[in-house]
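Have a look at structure23.pdb below; it lists PDB, C-alpha atoms.
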ATOM      1  CA  MET A   1      10.992 -61.369  42.257
ATOM      2  CA  LYS A   2       7.540 -60.181  41.467
ATOM      3  CA  LEU A   3       6.512 -57.321  39.125
ATOM      4  CA  ASN A   4       3.106 -55.705  38.778
ATOM      5  CA  MET A   5       2.589 -55.452  35.031
ATOM      6  CA  VAL A   6       0.043 -53.071  33.478
ATOM      7  CA  TYR A   7      -0.912 -52.683  29.812
ATOM      8  CA  PHE A   8      -2.849 -49.931  28.071
ATOM      9  CA  ALA A   9      -4.786 -49.108  24.892
ATOM     10  CA  ARG A  10      -3.981 -51.259  21.830
ATOM     11  CA  LEU A  11      -1.517 -53.416  23.758
ATOM     12  CA  LYS A  12      -4.107 -54.178  26.431
ATOM     13  CA  ASP A  13      -6.479 -55.350  23.671
ATOM     14  CA  SER A  14      -3.781 -57.384  21.875
ATOM     15  CA  PHE A  15      -2.551 -59.095  25.036
ATOM     16  CA  GLY A  16      -6.098 -59.664  26.263
ATOM     17  CA  THR A  17      -5.255 -58.392  29.745
ATOM     18  CA  SER A  18      -4.803 -55.046  31.481
ATOM     19  CA  GLN A  19      -2.634 -56.264  34.359
ATOM     20  CA  GLU A  20      -0.869 -59.271  35.822
ATOM     21  CA  SER A  21       1.488 -60.208  38.593
ATOM     22  CA  LEU A  22       4.665 -61.565  36.992
ATOM     23  CA  GLU A  23       7.265 -63.755  38.680
ATOM     24  CA  THR A  24      10.564 -63.106  36.897
ATOM     25  CA  ASP A  25      14.347 -63.150  37.156
ATOM     26  CA  ALA A  26      14.701 -60.229  34.730
ATOM     27  CA  THR A  27      16.801 -57.448  36.259
ATOM     28  CA  SER A  28      16.362 -54.900  33.448
ATOM     29  CA  VAL A  29      13.621 -53.759  31.064
ATOM     30  CA  ALA A  30      15.510 -55.356  28.151
ATOM     31  CA  GLU A  31      15.611 -58.733  29.921
ATOM     32  CA  LEU A  32      11.938 -58.473  30.780
ATOM     33  CA  LEU A  33      11.040 -57.796  27.139
ATOM     34  CA  VAL A  34      13.024 -60.882  26.022
ATOM     35  CA  GLU A  35      11.016 -62.930  28.498
ATOM     36  CA  LEU A  36       7.666 -61.503  27.380
ATOM     37  CA  ARG A  37       8.480 -62.068  23.678
ATOM     38  CA  GLN A  38       9.123 -65.740  24.445
ATOM     39  CA  ARG A  39       5.417 -66.094  25.191
ATOM     40  CA  GLY A  40       4.913 -65.904  21.409
ATOM     41  CA  GLY A  41       1.672 -64.776  19.734
ATOM     42  CA  SER A  42       0.736 -61.146  20.210
ATOM     43  CA  TRP A  43       3.549 -60.731  22.784
ATOM     44  CA  ALA A  44       6.183 -61.589  20.183
ATOM     45  CA  THR A  45       4.440 -59.477  17.540
ATOM     46  CA  GLU A  46       3.674 -56.335  19.531
ATOM     47  CA  LEU A  47       7.028 -56.242  21.347
ATOM     48  CA  GLY A  48       9.052 -57.368  18.318
ATOM     49  CA  HIS A  49      11.816 -55.419  16.653
ATOM     50  CA  GLY A  50      10.599 -52.492  14.598
ATOM     51  CA  LYS A  51       7.525 -52.062  16.815
ATOM     52  CA  THR A  52       7.152 -48.795  18.689
ATOM     53  CA  PHE A  53       6.041 -48.941  22.286
ATOM     54  CA  ARG A  54       6.912 -47.341  25.609
ATOM     55  CA  VAL A  55       7.829 -48.816  28.983
ATOM     56  CA  ALA A  56       7.320 -47.044  32.300
ATOM     57  CA  CYS A  57       8.752 -48.226  35.588
ATOM     58  CA  ASN A  58       6.922 -46.957  38.686
ATOM     59  CA  GLN A  59       5.156 -44.400  36.477
ATOM     60  CA  GLU A  60       8.361 -42.905  35.015
ATOM     61  CA  LEU A  61       9.388 -43.594  31.404
ATOM     62  CA  ALA A  62      12.105 -46.252  31.330
ATOM     63  CA  GLY A  63      14.704 -47.414  28.817
ATOM     64  CA  PRO A  64      16.112 -50.871  27.989
ATOM     65  CA  ASP A  65      18.821 -50.504  30.646
ATOM     66  CA  SER A  66      16.468 -49.413  33.437
ATOM     67  CA  ALA A  67      16.847 -51.695  36.456
ATOM     68  CA  LEU A  68      13.892 -53.621  37.879
ATOM     69  CA  ARG A  69      13.272 -54.340  41.536
ATOM     70  CA  ASP A  70      10.866 -56.542  43.426
ATOM     71  CA  GLY A  71       7.437 -54.961  43.615
ATOM     72  CA  ASP A  72       7.978 -52.512  40.748
ATOM     73  CA  GLU A  73       4.984 -51.434  38.670
ATOM     74  CA  VAL A  74       5.979 -51.857  35.033
ATOM     75  CA  ALA A  75       3.699 -50.496  32.309
ATOM     76  CA  ILE A  76       3.903 -51.194  28.585
ATOM     77  CA  PHE A  77       1.868 -49.048  26.205
ATOM     78  CA  PRO A  78       1.746 -47.609  22.674
ATOM     79  CA  PRO A  79       3.007 -44.078  21.940
ATOM     80  CA  VAL A  80       0.556 -41.633  23.490
ATOM     81  CA  THR A  81      -2.199 -39.891  21.507
ATOM     82  CA  GLY A  82      -3.920 -37.505  23.914
ATOM     83  CA  GLY A  83      -4.643 -33.809  23.587
TER      84      GLY A  83
ATOM     85  CA  MET B   1      -4.692 -23.570  46.169
ATOM     86  CA  SER B   2      -1.511 -23.835  44.087
ATOM     87  CA  PRO B   3      -1.558 -21.638  40.985
ATOM     88  CA  PHE B   4      -0.455 -24.740  39.039
ATOM     89  CA  THR B   5      -3.216 -27.315  38.755
ATOM     90  CA  VAL B   6      -3.880 -30.414  36.696
ATOM     91  CA  SER B   7      -7.079 -32.423  36.480
ATOM     92  CA  VAL B   8      -8.021 -35.640  34.716
ATOM     93  CA  GLN B   9     -11.790 -35.976  34.690
ATOM     94  CA  SER B  10     -14.704 -37.485  32.792
ATOM     95  CA  GLY B  11     -17.014 -34.491  33.242
ATOM     96  CA  ARG B  12     -17.044 -31.269  31.225
ATOM     97  CA  PHE B  13     -14.929 -28.322  32.306
ATOM     98  CA  ASP B  14     -15.836 -24.644  32.409
ATOM     99  CA  ALA B  15     -13.116 -22.906  30.383
ATOM    100  CA  GLY B  16     -14.482 -19.472  31.263
ATOM    101  CA  ALA B  17     -14.306 -20.171  34.981
ATOM    102  CA  GLU B  18     -10.702 -21.367  34.681
ATOM    103  CA  ILE B  19      -9.700 -18.296  32.680
ATOM    104  CA  ASP B  20     -11.406 -16.064  35.282
ATOM    105  CA  ARG B  21      -9.608 -17.842  38.115
ATOM    106  CA  LEU B  22      -6.206 -17.299  36.474
ATOM    107  CA  SER B  23      -7.073 -13.682  35.640
ATOM    108  CA  ARG B  24      -7.215 -12.560  39.272
ATOM    109  CA  ASN B  25      -3.463 -12.128  39.722
ATOM    110  CA  PRO B  26      -2.490  -8.435  39.445
ATOM    111  CA  ALA B  27       1.028  -9.469  38.324
ATOM    112  CA  CYS B  28      -0.415 -11.169  35.219
ATOM    113  CA  GLY B  29      -1.066  -9.037  32.167
ATOM    114  CA  ALA B  30      -1.631 -11.989  29.860
ATOM    115  CA  VAL B  31      -3.815 -15.076  30.051
ATOM    116  CA  VAL B  32      -3.846 -17.497  27.106
ATOM    117  CA  SER B  33      -6.138 -20.512  26.767
ATOM    118  CA  PHE B  34      -6.325 -23.417  24.348
ATOM    119  CA  SER B  35      -9.326 -25.741  24.050
ATOM    120  CA  GLY B  36      -9.125 -29.026  22.113
ATOM    121  CA  LEU B  37     -12.407 -30.437  20.764
ATOM    122  CA  VAL B  38     -13.598 -33.744  19.298
ATOM    123  CA  ARG B  39     -13.464 -33.295  15.522
ATOM    124  CA  ASP B  40     -15.390 -35.268  12.875
ATOM    125  CA  TYR B  41     -12.291 -36.667  11.183
ATOM    126  CA  GLY B  42      -9.010 -38.063  12.446
ATOM    127  CA  ASP B  43      -7.195 -41.171  11.245
ATOM    128  CA  ARG B  44     -10.468 -41.943   9.407
ATOM    129  CA  GLN B  45     -13.474 -39.982   8.164
ATOM    130  CA  ASP B  46     -16.901 -40.074   9.860
ATOM    131  CA  VAL B  47     -15.682 -39.961  13.445
ATOM    132  CA  ALA B  48     -18.731 -39.992  15.742
ATOM    133  CA  ALA B  49     -16.968 -39.966  19.115
ATOM    134  CA  LEU B  50     -13.728 -40.620  20.951
ATOM    135  CA  GLU B  51     -12.977 -42.909  23.872
ATOM    136  CA  LEU B  52     -10.057 -41.608  25.967
ATOM    137  CA  GLU B  53      -8.008 -43.939  28.160
ATOM    138  CA  HIS B  54      -5.194 -42.924  30.497
ATOM    139  CA  TYR B  55      -2.722 -44.290  33.040
ATOM    140  CA  PRO B  56      -4.039 -43.127  36.440
ATOM    141  CA  GLY B  57      -1.233 -41.846  38.628
ATOM    142  CA  MET B  58       1.365 -41.489  35.886
ATOM    143  CA  THR B  59      -0.842 -39.069  33.953
ATOM    144  CA  GLU B  60      -1.024 -36.550  36.793
ATOM    145  CA  LYS B  61       2.737 -36.856  37.437
ATOM    146  CA  ALA B  62       3.493 -36.339  33.749
ATOM    147  CA  LEU B  63       1.266 -33.242  33.535
ATOM    148  CA  HIS B  64       2.904 -31.696  36.610
ATOM    149  CA  ALA B  65       6.342 -32.510  35.134
ATOM    150  CA  ILE B  66       5.413 -30.765  31.876
ATOM    151  CA  ILE B  67       4.315 -27.669  33.814
ATOM    152  CA  GLY B  68       7.623 -27.832  35.720
ATOM    153  CA  GLN B  69       9.542 -27.783  32.441
ATOM    154  CA  ALA B  70       7.523 -24.786  31.214
ATOM    155  CA  ARG B  71       8.277 -22.928  34.457
ATOM    156  CA  GLU B  72      12.012 -23.398  33.842
ATOM    157  CA  ARG B  73      11.658 -21.640  30.485
ATOM    158  CA  TRP B  74       9.146 -18.860  31.093
ATOM    159  CA  GLN B  75       7.986 -16.623  33.918
ATOM    160  CA  LEU B  76       4.801 -18.607  34.330
ATOM    161  CA  GLN B  77       2.676 -17.222  37.175
ATOM    162  CA  ALA B  78      -0.096 -19.798  36.903
ATOM    163  CA  ALA B  79      -1.175 -22.675  34.680
ATOM    164  CA  THR B  80      -4.069 -25.117  34.442
ATOM    165  CA  ILE B  81      -4.274 -28.336  32.458
ATOM    166  CA  ILE B  82      -7.565 -30.223  32.352
ATOM    167  CA  HIS B  83      -7.853 -33.391  30.267
ATOM    168  CA  ARG B  84     -11.005 -35.438  29.927
ATOM    169  CA  ILE B  85     -11.250 -39.219  29.713
ATOM    170  CA  GLY B  86     -13.959 -41.701  28.765
ATOM    171  CA  TYR B  87     -16.570 -41.335  26.015
ATOM    172  CA  LEU B  88     -16.570 -37.937  24.299
ATOM    173  CA  ALA B  89     -19.086 -37.134  21.556
ATOM    174  CA  LEU B  90     -18.446 -34.918  18.533
ATOM    175  CA  GLY B  91     -17.822 -31.284  19.485
ATOM    176  CA  GLU B  92     -17.143 -32.061  23.156
ATOM    177  CA  PRO B  93     -14.100 -30.364  24.688
ATOM    178  CA  ILE B  94     -11.217 -32.785  25.391
ATOM    179  CA  VAL B  95      -8.436 -30.644  26.783
ATOM    180  CA  LEU B  96      -7.926 -27.195  28.263
ATOM    181  CA  VAL B  97      -4.621 -25.416  28.806
ATOM    182  CA  VAL B  98      -4.549 -21.971  30.432
ATOM    183  CA  THR B  99      -1.361 -20.007  31.097
ATOM    184  CA  ALA B 100      -0.977 -16.729  32.990
ATOM    185  CA  CYS B 101       2.153 -14.584  32.641
ATOM    186  CA  SER B 102       3.225 -10.977  32.977
ATOM    187  CA  HIS B 103       3.546 -10.663  29.199
ATOM    188  CA  ARG B 104       1.711 -12.201  26.249
ATOM    189  CA  LYS B 105       4.721 -13.728  24.474
ATOM    190  CA  ASP B 106       5.500 -15.929  27.469
ATOM    191  CA  ALA B 107       1.826 -16.871  27.887
ATOM    192  CA  PHE B 108       1.438 -17.860  24.192
ATOM    193  CA  ALA B 109       4.724 -19.779  24.113
ATOM    194  CA  ALA B 110       4.088 -21.603  27.379
ATOM    195  CA  ALA B 111       0.578 -22.658  26.278
ATOM    196  CA  GLU B 112       1.927 -24.026  23.007
ATOM    197  CA  PHE B 113       4.768 -25.801  24.811
ATOM    198  CA  LEU B 114       2.345 -27.406  27.293
ATOM    199  CA  MET B 115       0.136 -28.713  24.472
ATOM    200  CA  ASP B 116       3.076 -29.990  22.385
ATOM    201  CA  PHE B 117       4.497 -31.880  25.360
ATOM    202  CA  LEU B 118       1.127 -33.110  26.578
ATOM    203  CA  LYS B 119       0.593 -34.724  23.172
ATOM    204  CA  THR B 120       3.860 -36.683  23.323
ATOM    205  CA  ALA B 121       4.560 -37.239  27.031
ATOM    206  CA  ALA B 122       1.263 -37.623  28.902
ATOM    207  CA  PRO B 123      -0.121 -41.192  28.905
ATOM    208  CA  PHE B 124      -3.477 -40.706  27.170
ATOM    209  CA  TRP B 125      -4.748 -42.819  24.273
ATOM    210  CA  LYS B 126      -7.603 -42.042  21.882
ATOM    211  CA  LYS B 127      -9.899 -44.559  20.288
ATOM    212  CA  GLU B 128     -11.976 -43.302  17.349
ATOM    213  CA  ILE B 129     -15.555 -44.533  17.151
ATOM    214  CA  LEU B 130     -16.960 -44.185  13.633
ATOM    215  CA  GLN B 131     -20.547 -43.555  12.449
ATOM    216  CA  ASP B 132     -20.919 -47.267  11.567
ATOM    217  CA  GLY B 133     -20.060 -48.257  15.157
ATOM    218  CA  SER B 134     -16.577 -49.644  14.409
ATOM    219  CA  ALA B 135     -13.649 -48.420  16.505
ATOM    220  CA  HIS B 136      -9.853 -48.331  16.320
ATOM    221  CA  TRP B 137      -6.966 -46.919  18.330
ATOM    222  CA  VAL B 138      -5.478 -43.706  16.931
ATOM    223  CA  GLU B 139      -1.851 -43.987  15.762
ATOM    224  CA  ALA B 140       0.713 -41.573  17.205
ATOM    225  CA  LYS B 141       1.598 -38.787  14.763
ATOM    226  CA  HIS B 142       5.116 -37.991  13.608
ATOM    227  CA  SER B 143       4.007 -34.348  13.378
ATOM    228  CA  ASP B 144       3.301 -34.349  17.142
ATOM    229  CA  GLN B 145       6.755 -35.761  17.844
ATOM    230  CA  ALA B 146       8.251 -33.072  15.599
ATOM    231  CA  ALA B 147       6.244 -30.338  17.339
ATOM    232  CA  SER B 148       7.558 -31.482  20.705
ATOM    233  CA  GLY B 149      11.101 -31.905  19.363
ATOM    234  CA  ARG B 150      11.408 -28.323  18.131
ATOM    235  CA  TRP B 151      11.547 -27.097  21.750
ATOM    236  CA  GLN B 152      14.747 -29.083  22.429
TER     237      GLN B 152
END
Let's see the structure in the file written out as structure tokens.
Amino acid sequence: MKLNMVYFARLKDSFGTSQESLETDATSVAELLVELRQRGGSWATELGHGKTFRVACNQELAGPDSALRDGDEVAIFPPVTGG
Amino acid sequence: MSPFTVSVQSGRFDAGAEIDRLSRNPACGAVVSFSGLVRDYGDRQDVAALELEHYPGMTEKALHAIIGQARERWQLQAATIIHRIGYLALGEPIVLVVTACSHRKDAFAAAEFLMDFLKTAAPFWKKEILQDGSAHWVEAKHSDQAASGRWQ
């Protein structure tokens, strides 16, 4: 299935991209993160254990167990700092 | 127009006009407003400006959700949240929260609640631009998480 990935703020800079279309077999956020970490480099570093980041699925905050479906918009970003 | 509005915009806002708009309800005896401004220090000294990024779509949903949570707790008659994005120079207003209630305690509490939750749940990110031209992303503060957590 295909996911529309979007990245923001520091993670966008680290990954060197703000969005991509990702072909994946991952069915949960946790599985997706395993796949992204396997890319190595900044993906492994930024999404590694002990790092704090947030995942949103279709613009709602998601957890590791959140299910993914074809066409979902999945965002990964640092903790927010507005206001 | 709904009495509960959110706006994400690059341009300046007119806090006085928003306060006036929310002051026209005869059931409201209390209107509280909070303005957040670009300050000259943050994670570092010598901050010259901020660059605000957000997640279009999710931001507006998150702000409406935060207002929804406030309405479950207080008799909120009206509320406005305006948050700016893009390049903001020193002293520029960043955020405006206005709450209108029958009584002042609800209006004060709801305004504080909206700001505390905005700072931890709305997808905005600040980049500090220093006097020497260098820039870095601001780190999330534990104190903001604590401020939001105390409402649980």
**OP:** Specify as an MDAnalysis selection string each residue included when the ChimeraX specification (/B :<12) & /A is applied to this file.
**Re:** chainID A and resid 6:14 18 52:61 73:83
Subject >> Polymer residues at most 10 Å from (17.6, -58.3, 39.4) by all atoms listed in the file, as a list in words >> reply: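 Residues close enough to count: Met1, Thr24, Asp25, Ala26, Thr27, Ser28, Glu31, Ala67, Leu68, Arg69 and Asp70 of chain A.
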When the PyMOL selection byres ((chain B and resi 43) around 9) is applied to the file above, which residues end up in the set, as an mmCIF file with C-alpha atoms, in the frame of the given file?
data_model
loop_
_atom_site.group_PDB
_atom_site.id
_atom_site.type_symbol
_atom_site.label_atom_id
_atom_site.label_comp_id
_atom_site.auth_asym_id
_atom_site.auth_seq_id
_atom_site.Cartn_x
_atom_site.Cartn_y
_atom_site.Cartn_z
ATOM 1 C CA TYR B 41 -12.291 -36.667 11.183
ATOM 2 C CA GLY B 42 -9.010 -38.063 12.446
ATOM 3 C CA ARG B 44 -10.468 -41.943 9.407
ATOM 4 C CA GLN B 45 -13.474 -39.982 8.164
ATOM 5 C CA VAL B 47 -15.682 -39.961 13.445
ATOM 6 C CA GLU B 128 -11.976 -43.302 17.349
ATOM 7 C CA VAL B 138 -5.478 -43.706 16.931
ATOM 8 C CA GLU B 139 -1.851 -43.987 15.762
#
**OP:** Could you give me, as JSON, numbers by chain, the residues that have an atom at most 9 Å away from the point (-4.9, -17.0, 24.6) in the coordinates of the file, using only C-alpha atoms?
**Re:** {"B": [30, 31, 32, 33, 34, 98, 99, 104, 107, 108, 111]}
**OP:** Excluding B:Arg73 and residues on its chain fewer than 6 positions from it, collect all residues at most 12 Å away from it, counting all atoms listed in the file, and give them as a list in words.
**Re:**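 Once the nearby chain positions are removed, what remains is Ile66, Ile67, Asp106, Ala107, Ala109, Ala110, Ala111, Phe113, Leu114, Trp151 and Gln152 of chain B.
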Original post:
What gap, in Å, lies between atom CA of B:Ser102 and atom CA of B:Met1?
Top reply: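 Those two atoms sit 19.9 Å apart.
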Original post:
Between atom CA of B:Arg71 and atom CA of B:Ser148, what is the distance, to one decimal in Å?
Top reply: 16.2 Å
**OP:** To verify the selection step, state as number ranges by chain which residues the PyMOL selection byres ((chain A and resi 34) around 12) yields on this input.
**Re:** A: 24-33, 35-40, 43-44, 47-49, 64
Original post:
Interatomic distance between atom CA of B:Gln9 and atom CA of B:Ala27?
Top reply: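 A separation of 29.7 Å between them.
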What are the centre and edge lengths in Å, to one decimal, of the axis-aligned box around all listed atoms of stretch 40-47 of chain B with 5 Å added on each side, as lines of an AutoDock Vina configuration file?
center_x = -12.0
center_y = -38.6
center_z = 10.8
size_x = 19.7
size_y = 16.7
size_z = 15.3
Original post:
Using all atoms listed in the file, which of the listed residues (B:Ala89, B:Ala79, B:Ile19, B:Val6) sits closest to B:Leu63?
Top reply: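 Among the listed residues, B:Val6 lies closest to B:Leu63.
Using only C-alpha atoms for every distance, the candidate list B:Thr80, B:Gln131, B:Ser23, B:Gln69 yields B:Thr80 as the residue closest to B:Ser2.
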Subject >> Selected residue of minimal separation from B:Pro3 among B:Leu76, B:Leu50, B:Ala70, B:Ala15, counting only C-alpha atoms >> reply: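 Using only C-alpha atoms, B:Pro3 sits closest to B:Leu76.
For the choices B:Ala48, B:Ala146, B:Leu88, B:Leu22, the atom-to-atom distance to B:Thr5 is smallest for B:Leu22 when using all atoms listed in the file.
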